[in-house]
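Trainee: So here's work22.cif, just mmCIF, C-alpha atoms:
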data_coords
#
loop_
_atom_site.label_atom_id
_atom_site.label_comp_id
_atom_site.auth_asym_id
_atom_site.auth_seq_id
_atom_site.Cartn_x
_atom_site.Cartn_y
_atom_site.Cartn_z
CA MET F 1417 -91.17 152.96 -39.61
CA ASN F 1418 -91.97 155.46 -42.38
CA ALA F 1419 -90.86 152.97 -45.07
CA ILE F 1420 -93.01 150.23 -43.53
CA TYR F 1421 -96.00 152.57 -43.50
CA ILE F 1422 -95.50 153.65 -47.12
CA MET F 1423 -95.26 150.07 -48.39
CA TRP F 1424 -98.27 149.08 -46.29
CA LEU F 1425 -100.27 152.03 -47.58
CA ARG F 1426 -99.40 151.18 -51.19
CA GLU F 1427 -100.77 147.67 -50.86
CA VAL F 1428 -103.95 148.87 -49.16
CA LYS F 1429 -104.58 151.60 -51.76
CA ARG F 1430 -104.05 149.18 -54.63
CA PHE F 1431 -106.67 146.91 -53.14
CA ALA F 1432 -109.16 149.70 -52.37
CA ARG F 1433 -108.89 151.15 -55.89
CA SER F 1434 -109.36 147.81 -57.64
CA LYS F 1435 -113.09 147.17 -57.46
CA SER F 1436 -112.83 144.21 -59.83
CA ARG F 1437 -110.24 142.60 -57.54
CA ILE F 1438 -112.56 142.95 -54.55
CA VAL F 1439 -115.55 141.49 -56.39
CA GLY F 1440 -113.49 138.70 -57.98
CA ALA F 1441 -111.94 137.66 -54.66
CA LEU F 1442 -115.42 137.32 -53.13
CA GLY F 1443 -116.83 135.20 -55.95
CA GLN F 1444 -115.28 131.88 -54.92
CA PRO F 1445 -116.17 132.16 -51.18
CA ILE F 1446 -119.79 132.99 -52.09
CA LEU F 1447 -119.93 129.98 -54.41
CA PHE F 1448 -118.59 127.67 -51.71
CA LEU F 1449 -120.97 129.07 -49.09
CA VAL F 1450 -124.05 128.71 -51.28
CA ALA F 1451 -123.23 125.48 -53.13
CA LEU F 1452 -121.76 123.57 -50.20
CA GLY F 1453 -123.54 125.28 -47.32
CA TYR F 1454 -127.02 124.69 -48.70
CA GLY F 1455 -126.23 121.68 -50.90
CA LEU F 1456 -124.59 119.53 -48.21
CA GLY F 1457 -126.43 121.07 -45.26
CA PRO F 1458 -129.21 118.44 -45.13
CA VAL F 1459 -126.69 115.58 -45.35
CA PHE F 1460 -124.59 117.09 -42.57
CA LYS F 1461 -127.67 117.56 -40.39
CA GLN F 1462 -128.93 114.02 -40.98
CA ALA F 1463 -125.51 112.75 -39.87
CA GLY F 1464 -126.14 114.45 -36.53
CA GLN F 1465 -123.47 117.12 -37.00
CA GLY F 1466 -125.77 120.16 -36.76
CA ASN F 1467 -125.87 123.19 -39.06
CA TYR F 1468 -123.31 122.76 -41.84
CA LEU F 1469 -123.26 126.47 -42.69
CA ASP F 1470 -122.15 127.27 -39.13
CA PHE F 1471 -119.40 124.68 -39.50
CA LEU F 1472 -118.41 125.73 -43.03
CA ALA F 1473 -118.26 129.53 -42.65
CA PRO F 1474 -114.98 129.70 -40.63
CA GLY F 1475 -113.34 127.38 -43.18
CA ILE F 1476 -114.44 129.58 -46.09
CA ILE F 1477 -113.14 132.66 -44.27
CA GLY F 1478 -109.79 130.89 -43.91
CA MET F 1479 -109.86 129.97 -47.61
CA SER F 1480 -110.45 133.59 -48.62
CA ILE F 1481 -107.57 134.77 -46.44
CA ILE F 1482 -105.03 132.20 -47.63
CA PHE F 1483 -105.79 132.77 -51.32
CA THR F 1484 -105.57 136.55 -51.00
CA SER F 1485 -102.49 136.68 -48.77
CA ILE F 1486 -100.32 134.04 -50.42
CA PHE F 1487 -100.83 135.51 -53.89
CA ASN F 1488 -99.66 138.87 -52.53
CA GLY F 1489 -96.19 137.60 -53.38
CA MET F 1490 -97.10 137.91 -57.06
CA GLN F 1491 -96.82 141.70 -56.65
CA VAL F 1492 -93.08 141.26 -56.01
CA ILE F 1493 -92.60 139.53 -59.36
CA TRP F 1494 -94.81 142.11 -61.07
CA ASP F 1495 -92.84 145.00 -59.56
CA ARG F 1496 -89.56 143.32 -60.52
CA GLN F 1497 -90.63 143.02 -64.15
CA PHE F 1498 -91.73 146.65 -64.38
CA GLY F 1499 -88.76 148.12 -62.51
CA PHE F 1500 -90.56 149.37 -59.40
CA LEU F 1501 -88.81 146.86 -57.16
CA LYS F 1502 -85.41 148.11 -58.27
CA GLU F 1503 -86.37 151.67 -57.36
CA THR F 1504 -87.43 150.64 -53.87
CA MET F 1505 -84.29 148.56 -53.38
CA VAL F 1506 -81.97 151.50 -54.07
CA ALA F 1507 -83.83 153.73 -51.61
CA PRO F 1508 -81.94 154.53 -48.38
CA VAL F 1509 -84.05 152.14 -46.27
CA SER F 1510 -83.45 148.57 -45.16
CA ARG F 1511 -84.81 145.66 -47.13
CA LEU F 1512 -86.32 144.42 -43.88
CA SER F 1513 -88.57 147.50 -43.77
CA ILE F 1514 -89.61 147.05 -47.41
CA MET F 1515 -90.38 143.36 -46.96
CA PHE F 1516 -92.24 143.82 -43.68
CA GLY F 1517 -94.27 146.73 -45.06
CA ARG F 1518 -95.33 144.72 -48.10
CA THR F 1519 -96.13 141.68 -45.97
CA LEU F 1520 -98.16 143.71 -43.50
CA GLY F 1521 -100.01 145.41 -46.35
CA GLY F 1522 -100.86 142.07 -47.94
CA ALA F 1523 -101.99 140.72 -44.57
CA THR F 1524 -104.21 143.77 -43.99
CA VAL F 1525 -105.85 143.30 -47.39
CA ALA F 1526 -106.39 139.58 -46.74
CA THR F 1527 -107.87 140.31 -43.30
CA ALA F 1528 -110.26 142.82 -44.87
CA GLN F 1529 -111.31 140.11 -47.32
CA GLY F 1530 -111.92 137.76 -44.39
CA VAL F 1531 -114.13 140.32 -42.65
CA LEU F 1532 -116.12 140.82 -45.86
CA VAL F 1533 -116.61 137.07 -46.21
CA LEU F 1534 -117.73 136.92 -42.57
CA GLY F 1535 -120.36 139.57 -43.36
CA ILE F 1536 -121.52 137.63 -46.43
CA ALA F 1537 -121.70 134.43 -44.37
CA VAL F 1538 -123.91 136.19 -41.80
CA ILE F 1539 -126.23 137.33 -44.61
CA ALA F 1540 -126.31 133.73 -45.89
CA GLY F 1541 -127.45 132.46 -42.49
CA PHE F 1542 -124.30 132.00 -40.40
CA ARG F 1543 -124.90 132.91 -36.75
CA PRO F 1544 -121.57 133.51 -34.98
CA ASP F 1545 -120.92 134.29 -31.36
CA TRP F 1546 -120.74 138.07 -31.66
CA PHE F 1547 -118.39 138.32 -28.68
CA GLY F 1548 -115.91 136.27 -30.70
CA VAL F 1549 -115.80 138.60 -33.72
CA ILE F 1550 -112.94 140.78 -32.43
CA PRO F 1551 -110.79 137.75 -31.45
CA ALA F 1552 -111.66 136.26 -34.85
CA ILE F 1553 -110.23 139.33 -36.61
CA PHE F 1554 -107.00 138.86 -34.65
CA VAL F 1555 -106.87 135.21 -35.76
CA MET F 1556 -107.53 136.30 -39.37
CA LEU F 1557 -104.59 138.71 -39.16
CA LEU F 1558 -102.31 135.93 -37.87
CA ILE F 1559 -103.33 133.63 -40.73
CA ALA F 1560 -102.86 136.44 -43.24
CA LEU F 1561 -99.40 137.35 -41.91
CA LEU F 1562 -98.34 133.71 -42.03
CA PHE F 1563 -99.29 133.11 -45.65
CA SER F 1564 -98.39 136.58 -46.88
CA ALA F 1565 -94.86 136.00 -45.55
CA LEU F 1566 -94.81 132.58 -47.26
CA GLY F 1567 -95.86 134.15 -50.55
CA MET F 1568 -93.15 136.80 -50.24
CA ALA F 1569 -90.50 134.16 -49.50
CA VAL F 1570 -91.41 132.09 -52.56
CA ALA F 1571 -91.75 135.13 -54.84
CA SER F 1572 -88.31 136.36 -53.79
CA ARG F 1573 -86.79 133.24 -55.36
CA LEU F 1574 -88.70 133.39 -58.64
CA ARG F 1575 -88.78 135.65 -61.69
CA ASP F 1576 -91.55 133.95 -63.65
CA MET F 1577 -95.15 134.86 -62.77
CA GLN F 1578 -96.54 131.66 -64.31
CA GLY F 1579 -94.10 129.59 -62.26
CA PHE F 1580 -95.21 131.36 -59.09
CA GLN F 1581 -98.86 130.64 -59.85
CA LEU F 1582 -98.16 126.95 -60.44
CA ILE F 1583 -96.15 126.58 -57.22
CA MET F 1584 -98.74 128.48 -55.17
CA ASN F 1585 -101.63 126.43 -56.57
CA PHE F 1586 -99.66 123.30 -55.74
CA LEU F 1587 -99.32 124.56 -52.15
CA VAL F 1588 -102.65 126.30 -51.60
CA MET F 1589 -105.07 123.58 -52.68
CA PRO F 1590 -103.64 120.83 -50.40
CA LEU F 1591 -103.32 123.31 -47.54
CA PHE F 1592 -106.98 124.23 -47.91
CA PHE F 1593 -108.51 120.81 -48.48
CA LEU F 1594 -106.46 119.13 -45.72
CA SER F 1595 -107.16 121.84 -43.14
CA GLY F 1596 -110.57 120.56 -42.10
CA ALA F 1597 -112.25 123.61 -43.63
CA LEU F 1598 -114.85 121.40 -45.35
CA PHE F 1599 -115.08 118.43 -42.98
CA PRO F 1600 -114.69 117.89 -39.22
CA LEU F 1601 -111.25 116.67 -38.20
CA SER F 1602 -112.67 115.04 -35.09
CA ASN F 1603 -114.23 112.29 -37.23
CA ALA F 1604 -111.45 112.10 -39.81
CA PRO F 1605 -109.35 108.94 -40.33
CA ALA F 1606 -106.19 108.80 -38.25
CA ALA F 1607 -103.92 109.16 -41.29
CA LEU F 1608 -105.76 112.28 -42.49
CA LEU F 1609 -105.75 113.79 -39.02
CA TRP F 1610 -102.00 113.18 -38.78
CA VAL F 1611 -101.44 115.04 -42.06
CA ALA F 1612 -103.76 117.88 -40.98
CA ARG F 1613 -101.64 118.43 -37.87
CA PHE F 1614 -98.78 119.54 -40.13
CA ASP F 1615 -101.00 122.00 -42.01
CA PRO F 1616 -100.80 125.47 -40.40
CA LEU F 1617 -104.17 126.44 -41.89
CA SER F 1618 -105.77 123.65 -39.82
CA TYR F 1619 -104.96 125.60 -36.67
CA GLY F 1620 -106.16 128.88 -38.17
CA VAL F 1621 -109.53 127.45 -39.21
CA ASP F 1622 -109.84 125.65 -35.87
CA ALA F 1623 -109.14 128.89 -33.97
CA LEU F 1624 -111.79 130.70 -36.02
CA ARG F 1625 -114.33 127.97 -35.25
CA HIS F 1626 -113.41 128.14 -31.57
CA VAL F 1627 -114.04 131.89 -31.20
CA LEU F 1628 -116.99 132.12 -33.62
CA THR F 1629 -118.93 128.93 -32.88
CA GLY F 1630 -117.38 127.41 -29.75
CA SER F 1631 -116.56 124.10 -31.44
CA ALA F 1632 -113.00 123.01 -32.22
CA ALA F 1633 -110.80 119.97 -32.78
CA PHE F 1634 -107.80 121.38 -30.90
CA SER F 1635 -107.44 123.71 -27.94
CA LEU F 1636 -107.39 127.45 -28.63
CA SER F 1637 -104.03 127.83 -26.87
CA LEU F 1638 -102.48 125.20 -29.18
CA ASP F 1639 -104.00 126.90 -32.24
CA LEU F 1640 -102.56 130.30 -31.30
CA LEU F 1641 -99.20 128.86 -30.29
CA VAL F 1642 -98.76 127.10 -33.64
CA LEU F 1643 -99.96 130.13 -35.62
CA VAL F 1644 -97.57 132.51 -33.84
CA ALA F 1645 -94.63 130.10 -34.11
CA VAL F 1646 -95.13 129.32 -37.80
CA THR F 1647 -95.75 132.99 -38.59
CA GLY F 1648 -92.43 133.84 -36.96
CA VAL F 1649 -90.64 131.16 -39.01
CA PHE F 1650 -92.19 132.30 -42.31
CA LEU F 1651 -91.46 135.96 -41.55
CA TRP F 1652 -87.82 135.03 -40.93
CA LEU F 1653 -87.70 133.08 -44.20
CA GLY F 1654 -89.32 135.98 -46.03
CA VAL F 1655 -86.74 138.41 -44.65
CA PHE F 1656 -83.89 136.01 -45.45
CA PHE F 1657 -84.87 135.44 -49.09
CA PHE F 1658 -85.99 139.03 -49.72
CA SER F 1659 -82.68 140.38 -48.40
CA ARG F 1660 -80.92 138.30 -51.09
CA ILE F 1661 -83.24 139.15 -53.95
CA GLU F 1662 -81.56 140.28 -57.17
CA VAL F 1663 -83.18 142.93 -59.33
#
Rewrite the structure of this file - the entire thing - as structure tokens.
Mentor:
Amino acid sequence: MNAIYIMWLREVKRFARSKSRIVGALGQPILFLVALGYGLGPVFKQAGQGNYLDFLAPGIIGMSIIFTSIFNGMQVIWDRQFGFLKETMVAPVSRLSIMFGRTLGGATVATAQGVLVLGIAVIAGFRPDWFGVIPAIFVMLLIALLFSALGMAVASRLRDMQGFQLIMNFLVMPLFFLSGALFPLSNAPAALLWVARFDPLSYGVDALRHVLTGSAAFSLSLDLLVLVAVTGVFLWLGVFFFSRIEV
């Protein structure tokens, strides 16, 4: 447990000490909230769908979390190149503890980003169900764990930072745009809805909408079941690949 705590604390401290990283990670969500929330709001309202900002905010929170958590895997490649990973690997602790500590740290950072984006969305005009904020933080943590574990699994198989960025961009953008973060899945074409059902972020964004606004495309129990199941699979993959990493 001590090794898990140390690796978790390292990730959290790195985030807290990097003011530019905090500001930079908030730039894109703010742009999406302002440009899309206010720009497409009248069109969304005229279509009889209500307040677009209320619909959009949970999707932007999910976007912030997935970008922050999945790129946490880049720290593995960075540490490998500068020798820190080798030092942790030779320590008398299991690789499982190291991997889980790093994953949990990345998930904590991503969840903090999600909470910050939620606060910014409220300032921008988003009006959530305040009783759903605590459940929403739990959903954020599940999403963050899922994609932080995915990032760790991919990073464990790569040595090139540029290659990791290309692969993650190839994964992240379709996951985000097909998740229903920007458009309602209930009115989506059947083919698009079928694809969205295989996107784990769809269930994360849907769960956030359910607890924060009361509207959702799927049931909350299905959302949580899929998130927990896929998180377990990605954590297992992360442990499997990290245990075989060569430094």
Trainee: Identify all residues satisfying the PyMOL selection byres ((chain F and resi 1573) around 12) in the given file; provide them as a PyMOL selection string.
Mentor: chain F and resi 1489-1490+1492-1493+1496+1566-1572+1574-1577+1579-1580+1583+1653-1663
Trainee: For the residues in that selection, give me C-alpha atoms as a short mmCIF file (atom, residue, chain, number, x, y, z; two decimals), in the coordinates of the input.
Mentor:
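Dumped everything to result.cif:
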data_model
loop_
_atom_site.label_atom_id
_atom_site.label_comp_id
_atom_site.auth_asym_id
_atom_site.auth_seq_id
_atom_site.Cartn_x
_atom_site.Cartn_y
_atom_site.Cartn_z
CA GLY F 1489 -96.19 137.60 -53.38
CA MET F 1490 -97.10 137.91 -57.06
CA VAL F 1492 -93.08 141.26 -56.01
CA ILE F 1493 -92.60 139.53 -59.36
CA ARG F 1496 -89.56 143.32 -60.52
CA LEU F 1566 -94.81 132.58 -47.26
CA GLY F 1567 -95.86 134.15 -50.55
CA MET F 1568 -93.15 136.80 -50.24
CA ALA F 1569 -90.50 134.16 -49.50
CA VAL F 1570 -91.41 132.09 -52.56
CA ALA F 1571 -91.75 135.13 -54.84
CA SER F 1572 -88.31 136.36 -53.79
CA LEU F 1574 -88.70 133.39 -58.64
CA ARG F 1575 -88.78 135.65 -61.69
CA ASP F 1576 -91.55 133.95 -63.65
CA MET F 1577 -95.15 134.86 -62.77
CA GLY F 1579 -94.10 129.59 -62.26
CA PHE F 1580 -95.21 131.36 -59.09
CA ILE F 1583 -96.15 126.58 -57.22
CA LEU F 1653 -87.70 133.08 -44.20
CA GLY F 1654 -89.32 135.98 -46.03
CA VAL F 1655 -86.74 138.41 -44.65
CA PHE F 1656 -83.89 136.01 -45.45
CA PHE F 1657 -84.87 135.44 -49.09
CA PHE F 1658 -85.99 139.03 -49.72
CA SER F 1659 -82.68 140.38 -48.40
CA ARG F 1660 -80.92 138.30 -51.09
CA ILE F 1661 -83.24 139.15 -53.95
CA GLU F 1662 -81.56 140.28 -57.17
CA VAL F 1663 -83.18 142.93 -59.33
#
Trainee: Between F:Leu1640, F:Ala1612, F:Val1509, F:Met1584, single out the one closest to F:Pro1600, counting all atoms listed in the file.
Mentor: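 Result for the nearest residue to F:Pro1600: F:Ala1612.
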Trainee: Please provide the set of residues having any atom within 9 Å of F:Phe1599, restricted to only C-alpha atoms, with same-chain residues fewer than 4 positions apart removed, written as an MDAnalysis selection string.
Mentor: chainID F and resid 1471:1472 1593 1595 1603:1604
Trainee: Which of these residues is nearest to F:Leu1469, using only C-alpha atoms: F:Ile1536, F:Val1525, F:Met1515, F:Ala1419?
Mentor: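 Of the candidates, the smallest distance to F:Leu1469 is held by F:Ile1536.
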Trainee: Calculated over only C-alpha atoms, which of the candidates F:Tyr1454, F:Phe1563, F:Trp1652, F:Phe1586 has the smallest distance to F:Gly1522?
Mentor: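 Result for the nearest residue to F:Gly1522: F:Phe1563.
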Trainee: Hey, could you pull the box centre and edge lengths for stretch 1547-1553 of chain F, axis-aligned, 6 Å padding per side, all listed atoms, to one decimal in Å, as AutoDock Vina command-line options?
Mentor:
--center_x -114.3 --center_y 138.5 --center_z -32.6 --size_x 20.2 --size_y 16.5 --size_z 19.9
Trainee: Within 12 Å of F:Val1646, counting only C-alpha atoms, which residues qualify if same-chain residues fewer than 5 places away don't, as a PyMOL selection string?
Mentor: chain F and resi 1558-1563+1565-1566+1614-1617+1619-1620+1639-1641+1651-1653
Trainee: Any chance you could resolve the PyMOL selection byres ((chain F and resi 1631) around 12) against this file and give the residues as a PyMOL selection string?
Mentor: chain F and resi 1465-1466+1470-1472+1474+1544-1545+1600-1602+1621-1630+1632-1636
Trainee: I'd like the interatomic distance between atom CA of F:Gly1455 and atom CA of F:Gly1475, to a tenth of an Å.
Mentor: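 Those two atoms sit 16.1 Å apart.
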Trainee: With only C-alpha atoms as the atoms that count, which of F:Leu1557, F:Leu1609, F:Ala1552, F:Ile1420 lies nearest to F:Thr1524?
Mentor: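 Checking each candidate against F:Thr1524, we get F:Leu1557 as the closest.
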Trainee: Calculated over only C-alpha atoms, which of the candidates F:Ile1438, F:Val1644, F:Ala1537, F:Ala1528 has the smallest distance to F:Ala1473?
Mentor: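 Residue with the minimum atom-to-atom distance to F:Ala1473: F:Ala1537.
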Trainee: From the options F:Val1649, F:Leu1638, F:Met1479, F:Ile1539, which residue's atoms come nearest to F:Ala1441, counting only C-alpha atoms?
Mentor: F:Met1479
Trainee: Show which residues sit within 10 Å of F:Thr1527, as a PDB file with C-alpha atoms, in the frame of the given file. Count all atoms listed in the file, and ignore same-chain residues fewer than 6 positions away.
Mentor:
ATOM      1  CA  ILE F1477    -113.140 132.660 -44.270  1.00  0.00           C
ATOM      2  CA  GLY F1478    -109.790 130.890 -43.910  1.00  0.00           C
ATOM      3  CA  SER F1480    -110.450 133.590 -48.620  1.00  0.00           C
ATOM      4  CA  ILE F1481    -107.570 134.770 -46.440  1.00  0.00           C
ATOM      5  CA  ILE F1482    -105.030 132.200 -47.630  1.00  0.00           C
ATOM      6  CA  THR F1484    -105.570 136.550 -51.000  1.00  0.00           C
ATOM      7  CA  SER F1485    -102.490 136.680 -48.770  1.00  0.00           C
ATOM      8  CA  GLY F1521    -100.010 145.410 -46.350  1.00  0.00           C
ATOM      9  CA  VAL F1533    -116.610 137.070 -46.210  1.00  0.00           C
ATOM     10  CA  ILE F1553    -110.230 139.330 -36.610  1.00  0.00           C
ATOM     11  CA  PHE F1554    -107.000 138.860 -34.650  1.00  0.00           C
ATOM     12  CA  VAL F1555    -106.870 135.210 -35.760  1.00  0.00           C
ATOM     13  CA  MET F1556    -107.530 136.300 -39.370  1.00  0.00           C
ATOM     14  CA  LEU F1557    -104.590 138.710 -39.160  1.00  0.00           C
ATOM     15  CA  LEU F1558    -102.310 135.930 -37.870  1.00  0.00           C
ATOM     16  CA  ILE F1559    -103.330 133.630 -40.730  1.00  0.00           C
ATOM     17  CA  ALA F1560    -102.860 136.440 -43.240  1.00  0.00           C
ATOM     18  CA  LEU F1561     -99.400 137.350 -41.910  1.00  0.00           C
TER      19      LEU F1561
END
